[in-house]
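Reviewing the structure listed below.
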Amino acid sequence: MNIAKKTAALIAGLLAATMMGQAVAAYTFPDDVPASHWAYASIDKVTNMGIMSGITVTEFDINGMLSMFDTARILARLGGYDASSTNQEDATFYQYCYDKHFPLIQQFSANLSRWQHDYDKEIAFLLELGVFIDLDLEGFVVIMDGAERYYALSRAQICVFFARLLQADDVAHSFVPTDLFTDDGNIDSSLKPYVYYMRHIGIVSGSDGYFYPKESVNRAAMAVMADKMLALVTPVSGSNYNGGNTQGSATYGTFSGRIVQVHASFKAVEIQNLVSGEKKLFPVLNNAAIAINGQANSFSGLQAGMDAAAVLLNNEISDIVAVSASGGQQGQAVTQNPSGGSIPNLNYIDSSLLELAVIEGTVKSVRTVGSDHYLDVLVKLINSKSEVYTETRTFIIDPNCPITRGVVNTDYTDITEGDMVKLTIAGSTAYTVYLEEKYRNIVGTVLSKRAVESTGMGVIAVKDANDRTHELVTTAETIVTRTGFPGIPKWSDIKVGDTAEISAEYDKIISIGATGSRNFADVTITKIHIEEGFSEITAVDALGVEKAYPIVPGVDVDPYSLRIGYQVRLGLDSQEVENVLVLSGGPAEVMTGHIRHITSSGLAIQDSMTQSYRTVSYDSNTVVINGNTGLRMTLGDLRTGMSVRAVYSTVNSVPHITEITVLAP
C-alpha cells in the first residue's frame, strides 16, 4: 500500500465511534449441501466461522452467483472485519474507515436505487486496506438497457482482490509462471499476473490444463477459495492495523488531541494532547487526506478547538481526522497574515522534520526585515479531493541561496511582483530561486488541459523537448489556431497529444498554434477514471504499451458503460477519445429459465421471472456445468426443457453465452 494508506486508524480510542452493521448469525449448516458435494468441507468451515452465510437459514445456494456486495462482505470478514466486535479499538477503526471513505462511496451510489448501503462499512474497510480502489465501485451496480443490475465476478477477476487482500500486488506482478493454462489467450492481460500467482500459492486451480477465466464464481467455489485464503491472510483489527508495508526509510507515528492553532502561512497545525498537555507543531503535507465531521475537506477547513487524530509520515501530517469540539463553542482558526507586515517566528520549527520540496508560484511581494529577505508567493496546492487551489505563503531567502533569471545569475533586488518563480524549499526557507523569463516561446506536447470555473479560461500543460512541463493560462486575448480545424478554434479545441507552439508572457498564453491527427487504437482497458467534467481511460495495446486517453465533455462516449478488461477500438483526435467501439468483454448478465429451442449456434431460453423468450448464441468457448455435481458438461448434453442459469454478455447488440449451469434436467 502507498503512503496515502497510512491512516489515522493507528490511533485507538481517540474519537467516539458507533457500530454500524449486524452481528454474524448463529451457525446452522445449510440443508441443501449434500455430504458428497465437492465443496462440503469448505462450506462447513466458512459458514461455521461466519465468513459466509446462506441465503436463508437452511439454504446455502451452492450454484448461486455472488454480487459485488456479497463479495465485499466475504473479503472484509476474511480481512478481519467483525461487525459484532465490542472492542473499542475496532469500533474506532471501523468508524474511521467509514468517515474517510463514505464520501467516495456516496459519489458512486448517489443515483443508484439498488445500492445496498448495509454493506458500506465493509466496503470502506476494504478501501482503507487497498483491497478495493475507487474504480472497483463502478462494478457494484451496472446500468444495462436503462436498468440497474448486479455484477457477478469472473474467476480471473476475483484473483485481483485476493492478491490485494494478501498485500501481494507487487509480488504477483513480479511472479513468472513456469507453465501457462491452455486457455491463457482467454485471460485478460491485466489479470494474468494475479491468476498465475493465485495458482502458485494454491488459491485457484484449473481443470485439465484449462482455467476458464471468464466463468463466473459461484457460492460453492467462493467457499473453497475463502477456505484456502484463511491459511494465508492476516486479519486486521483496530489494535494491529499499521496501514500496510512501510516504504524505504519512512517512519510513521500518531498524535491526537485538540487543535490549538492553524498556521495558514506555512501550512502547519499545532495540537495539544488532552492527557499529557504536550503541544506539538506539525507541517501538513500538500497531499494529506483531511476529513472534518465525516466529510472530505481541505486544510482551510481545520480550525482551532477541533478534536483531531493525525497520522505522521516523517513527522509531517499525512492524514488527519477532525471533529468539532464537544461542548462549548468551536474556536476560530488562528492564522498569521503573511502579507500584513508581521513576519511569523519560525524558530520553534525543527527543520530536520521538513524535507526539501519544489514549488512554483507568482511573486506577490519581496521585502527586507533587518538583514533577512522575504518572499510572499502565491502558490498552487492540492487538497484531499485532488482539487487545485492557491494560497499565499511566505519564505525567507537563505543567505547562500542562488537566484537566477533564465540562465543569468542575479540577486533578490531583481525579483519583482508578478514574476513566475520556482523555489526549492525546506519548511519556510528558500534554498534556490529560479525566475522565469518574461517572454518565452515554447514548443512541446500538450499533456493536459482544464477550465478555470471562475473565469472560463483554460489551463494548458505542455512538455517541451527538455522534458520540462510548463503550465500556462489562456486569456480572452489569446490567439488560438489548430491545423485542419474548421472555423475559429477555442482553447478547448486544443487536444491532449497535440504538438503546440506557444508564445507566452510569464504564464499567460499570447498565442498557441496546435497540430494534431485523427487515428484509432485497438487496446484493452486497464483503468477508468471518472470525475465531473473529465474522464480518462488507461489502456494497453498489443505491444504492451500503456497510455492514458482523456475523454472530454461533449463527445459521444459514456465512460460509465465501459469496464476494465474490455477490448475496444478508440477513435482518437491526437490522444483524446472521440468514440469507442467495444470489440469484446461486455458486462455479464444472468438469466434463469428453461431451454425451449436449440440450434447449432444458439438457444432460445424462456425467462422464469418474465416468461419472455431470449435467443442467445454460443460457441466452443461456452462453459457448461452440472449444477448438482460441479462437473463439466458439453454443449451436446443440453436438451430442450432443461432448467438452466445462463451467464451472457452483449457485445455490439449480440447476446452471447459464456457459461450455462444446468439446474435440473
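Every chain in the C-alpha cells has a letter given in the order shown (A, B, ...), and although residue numbers restart at 1 in each chain, ligands are simply numbered from 1 in the order shown.
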
Inset, instruction - Name the residues of stretch 487-621 of chain A that come out as helix (DSSP H, G or I) in a backbone DSSP run; write them as a list in words. - result: Trp491, Ser492, Asp493, Pro559, Tyr560 and Ser561 of chain A

For the residues selected in the previous step, produce a file with N, CA, C and O atoms as a PDB file, in the first residue's frame.
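Result file follows (result03.pdb):
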ATOM      1  N   TRP A 491      -9.680  27.646 -27.066  1.00  0.00           N
ATOM      2  CA  TRP A 491      -8.617  26.926 -26.366  1.00  0.00           C
ATOM      3  C   TRP A 491      -9.034  25.486 -26.083  1.00  0.00           C
ATOM      4  O   TRP A 491      -8.188  24.573 -26.084  1.00  0.00           O
ATOM      5  N   SER A 492     -10.335  25.247 -25.851  1.00  0.00           N
ATOM      6  CA  SER A 492     -10.815  23.894 -25.544  1.00  0.00           C
ATOM      7  C   SER A 492     -10.726  22.957 -26.742  1.00  0.00           C
ATOM      8  O   SER A 492     -10.847  21.736 -26.583  1.00  0.00           O
ATOM      9  N   ASP A 493     -10.534  23.520 -27.968  1.00  0.00           N
ATOM     10  CA  ASP A 493     -10.383  22.684 -29.158  1.00  0.00           C
ATOM     11  C   ASP A 493      -8.957  22.154 -29.305  1.00  0.00           C
ATOM     12  O   ASP A 493      -8.703  21.308 -30.160  1.00  0.00           O
ATOM     13  N   PRO A 559     -18.430   7.027 -20.356  1.00  0.00           N
ATOM     14  CA  PRO A 559     -17.402   6.242 -19.649  1.00  0.00           C
ATOM     15  C   PRO A 559     -17.989   5.258 -18.650  1.00  0.00           C
ATOM     16  O   PRO A 559     -17.352   4.266 -18.304  1.00  0.00           O
ATOM     17  N   TYR A 560     -19.225   5.524 -18.169  1.00  0.00           N
ATOM     18  CA  TYR A 560     -19.843   4.609 -17.203  1.00  0.00           C
ATOM     19  C   TYR A 560     -20.226   3.270 -17.844  1.00  0.00           C
ATOM     20  O   TYR A 560     -20.471   2.296 -17.131  1.00  0.00           O
ATOM     21  N   SER A 561     -20.295   3.223 -19.173  1.00  0.00           N
ATOM     22  CA  SER A 561     -20.652   1.975 -19.847  1.00  0.00           C
ATOM     23  C   SER A 561     -19.437   1.081 -20.087  1.00  0.00           C
ATOM     24  O   SER A 561     -19.582  -0.057 -20.516  1.00  0.00           O
TER      25      SER A 561
END

Inset, instruction - Give me every strand (DSSP E or B) residue in stretch 386-508 of chain A, going by DSSP on the backbone, as a VMD selection string. - result: chain A and resid 388 to 397 403 to 405 408 to 410 420 to 426 429 to 435 439 to 451 458 to 464 469 to 473 479 to 482 499 to 505 508

Legend entry - Residue nearest A:Asp558 - candidates A:Val262, A:Ala288, A:Ile530, A:Ala542, atoms counted: only C-alpha atoms: A:Ile530

Legend entry - Shell around stretch 213-228 of chain A at 6 Å using only C-alpha atoms, local window under 4 positions removed, as a ChimeraX atom specification: /A:39,42-43,62-65,153-156,187,203

Please, could you write that set of residues out with N, CA and C atoms as a short mmCIF file (atom, residue, chain, number, x, y, z; two decimals), in the first residue's frame?
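What landed in part.cif:
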data_model
loop_
_atom_site.label_atom_id
_atom_site.label_comp_id
_atom_site.auth_asym_id
_atom_site.auth_seq_id
_atom_site.Cartn_x
_atom_site.Cartn_y
_atom_site.Cartn_z
N ALA A 39 -17.59 -29.28 -2.39
CA ALA A 39 -17.23 -28.12 -1.56
C ALA A 39 -17.76 -28.25 -0.13
N SER A 42 -15.42 -27.18 2.88
CA SER A 42 -15.13 -25.74 2.90
C SER A 42 -16.36 -24.93 3.29
N ILE A 43 -17.52 -25.33 2.77
CA ILE A 43 -18.76 -24.64 3.14
C ILE A 43 -19.02 -24.77 4.63
N ILE A 62 -25.65 -23.33 -3.49
CA ILE A 62 -24.29 -23.64 -3.93
C ILE A 62 -23.99 -23.12 -5.34
N ASN A 63 -24.99 -23.05 -6.22
CA ASN A 63 -24.75 -22.61 -7.59
C ASN A 63 -25.09 -21.14 -7.81
N GLY A 64 -25.50 -20.46 -6.74
CA GLY A 64 -25.87 -19.05 -6.87
C GLY A 64 -24.65 -18.18 -7.15
N MET A 65 -24.90 -17.10 -7.89
CA MET A 65 -23.83 -16.15 -8.19
C MET A 65 -23.69 -15.15 -7.05
N LEU A 153 -18.65 -11.55 -10.47
CA LEU A 153 -17.23 -11.58 -10.79
C LEU A 153 -16.85 -12.87 -11.52
N SER A 154 -15.85 -12.77 -12.38
CA SER A 154 -15.30 -13.95 -13.04
C SER A 154 -14.19 -14.55 -12.17
N ARG A 155 -13.77 -15.77 -12.55
CA ARG A 155 -12.69 -16.44 -11.81
C ARG A 155 -11.40 -15.64 -11.88
N ALA A 156 -11.15 -14.98 -13.00
CA ALA A 156 -9.92 -14.19 -13.13
C ALA A 156 -10.00 -12.93 -12.27
N ILE A 187 -7.40 -15.17 -21.00
CA ILE A 187 -7.23 -14.40 -19.76
C ILE A 187 -6.80 -12.98 -20.12
N ILE A 203 -4.53 -20.94 -4.25
CA ILE A 203 -5.89 -20.44 -4.04
C ILE A 203 -6.82 -20.87 -5.16
#

Inset, instruction - Quote the spacing between atom CA of A:Ser600 and atom CA of A:Ser207 in Å to one decimal place. - result: 25.8 Å

Inset, instruction - Can you work out the spacing between atom CA of A:Gly139 and atom CA of A:Gln295 in Å, to one decimal? - result: 23.6 Å

Inset, instruction - Please provide the set of residues having any atom within 12 Å of A:Arg468, restricted to only C-alpha atoms, with same-chain residues fewer than 2 positions apart removed, written as a ChimeraX atom specification. - result: /A:442-447,461-466,470-471

Save the residues we just selected, C-alpha atoms, as a PDB file, in the first residue's frame?
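Below is the file out-v3.pdb, written as the result:
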ATOM      1  CA  ILE A 442       7.684  27.050 -26.033  1.00  0.00           C
ATOM      2  CA  VAL A 443       7.321  24.079 -28.383  1.00  0.00           C
ATOM      3  CA  GLY A 444       6.113  20.784 -26.950  1.00  0.00           C
ATOM      4  CA  THR A 445       3.350  18.224 -26.495  1.00  0.00           C
ATOM      5  CA  VAL A 446       0.078  19.055 -24.767  1.00  0.00           C
ATOM      6  CA  LEU A 447      -0.157  16.912 -21.607  1.00  0.00           C
ATOM      7  CA  ALA A 461       0.182  21.911 -19.579  1.00  0.00           C
ATOM      8  CA  VAL A 462       2.906  21.382 -22.211  1.00  0.00           C
ATOM      9  CA  LYS A 463       6.071  19.247 -22.017  1.00  0.00           C
ATOM     10  CA  ASP A 464       8.990  20.625 -24.045  1.00  0.00           C
ATOM     11  CA  ALA A 465      11.912  18.835 -25.712  1.00  0.00           C
ATOM     12  CA  ASN A 466      13.941  19.083 -22.474  1.00  0.00           C
ATOM     13  CA  HIS A 470       5.028  24.303 -18.397  1.00  0.00           C
ATOM     14  CA  GLU A 471       1.544  25.102 -17.059  1.00  0.00           C
TER      15      GLU A 471
END

Inset, instruction - Could you check how far atom CA of A:Ile123 sits from atom CA of A:Ile105, in Å to one decimal? - result: 8.2 Å

Legend entry - Spatial neighbours of A:Asn626, 8 Å, only C-alpha atoms, chain gap at least 4 places, as a PyMOL selection string: chain A and resi 630-633+661-663

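Between A:Ile317 and the candidates A:Ser300, A:Asn519, A:Asn287, A:Thr469, the tightest atom-to-atom separation, counting only C-alpha atoms, involves A:Asn287.
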
Legend entry - Non-local contacts of A:Gly238 (6 Å; only C-alpha atoms; under 6 positions in same chain excluded) as a VMD selection string: chain A and resid 89 to 90 93

Please produce an output containing N, CA, C and O atoms for each residue in the selection, written as a PDB file, in the first residue's frame.
ATOM      1  N   GLU A  89     -11.234  -0.313  20.213  1.00  0.00           N
ATOM      2  CA  GLU A  89     -10.261  -0.028  19.169  1.00  0.00           C
ATOM      3  C   GLU A  89     -10.804  -0.401  17.800  1.00  0.00           C
ATOM      4  O   GLU A  89     -10.620   0.319  16.811  1.00  0.00           O
ATOM      5  N   ASP A  90     -11.503  -1.555  17.725  1.00  0.00           N
ATOM      6  CA  ASP A  90     -12.121  -1.949  16.461  1.00  0.00           C
ATOM      7  C   ASP A  90     -13.194  -0.950  16.058  1.00  0.00           C
ATOM      8  O   ASP A  90     -13.286  -0.552  14.891  1.00  0.00           O
ATOM      9  N   PHE A  93     -11.618   2.135  14.700  1.00  0.00           N
ATOM     10  CA  PHE A  93     -11.033   1.870  13.393  1.00  0.00           C
ATOM     11  C   PHE A  93     -12.104   1.798  12.304  1.00  0.00           C
ATOM     12  O   PHE A  93     -11.994   2.428  11.250  1.00  0.00           O
TER      13      PHE A  93
END

Inset, instruction - Excluding A:Arg569 and any residue of its chain fewer than 3 positions from it, enumerate the residues within 9 Å of it, using only C-alpha atoms, and give them as a PyMOL selection string. - result: chain A and resi 520-524+579-583

Can you build me a table of stretch 88-172 of chain A residues sitting at most 6 Å from stretch 188-197 of chain A, with the closest atom pair per residue and its distance in Å to one decimal, using only C-alpha atoms, sorted by chain and residue number, as a Markdown table?
| residue | atom | partner | partner_atom | distance |
| --- | --- | --- | --- | --- |
| A:Ala156 | CA | A:Val195 | CA | 5.9 |
| A:Cys159 | CA | A:Tyr194 | CA | 5.4 |
| A:Val160 | CA | A:Tyr194 | CA | 5.5 |
| A:Ala172 | CA | A:Tyr197 | CA | 5.3 |

Inset, instruction - Select, from A:Ala451, A:Ala296, A:Ile74, A:Leu281, the residue with the minimum atom-to-atom distance to A:Thr47, counting only C-alpha atoms. - result: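 Of A:Ala451, A:Ala296, A:Ile74, A:Leu281, the one nearest A:Thr47, counting only C-alpha atoms, is A:Ile74.
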
Inset, instruction - Kindly indicate which residue among A:Thr622, A:Ser649, A:Gln167, A:Thr362 lies nearest to A:Val233, using only C-alpha atoms for the distances. - result: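 Counting only C-alpha atoms, the residue closest to A:Val233 is A:Gln167.
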
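Among the candidate residues A:Val616, A:Val236, A:Leu112, A:Leu104, the one lying nearest to A:Leu75 is A:Val236, with distances computed using only C-alpha atoms.
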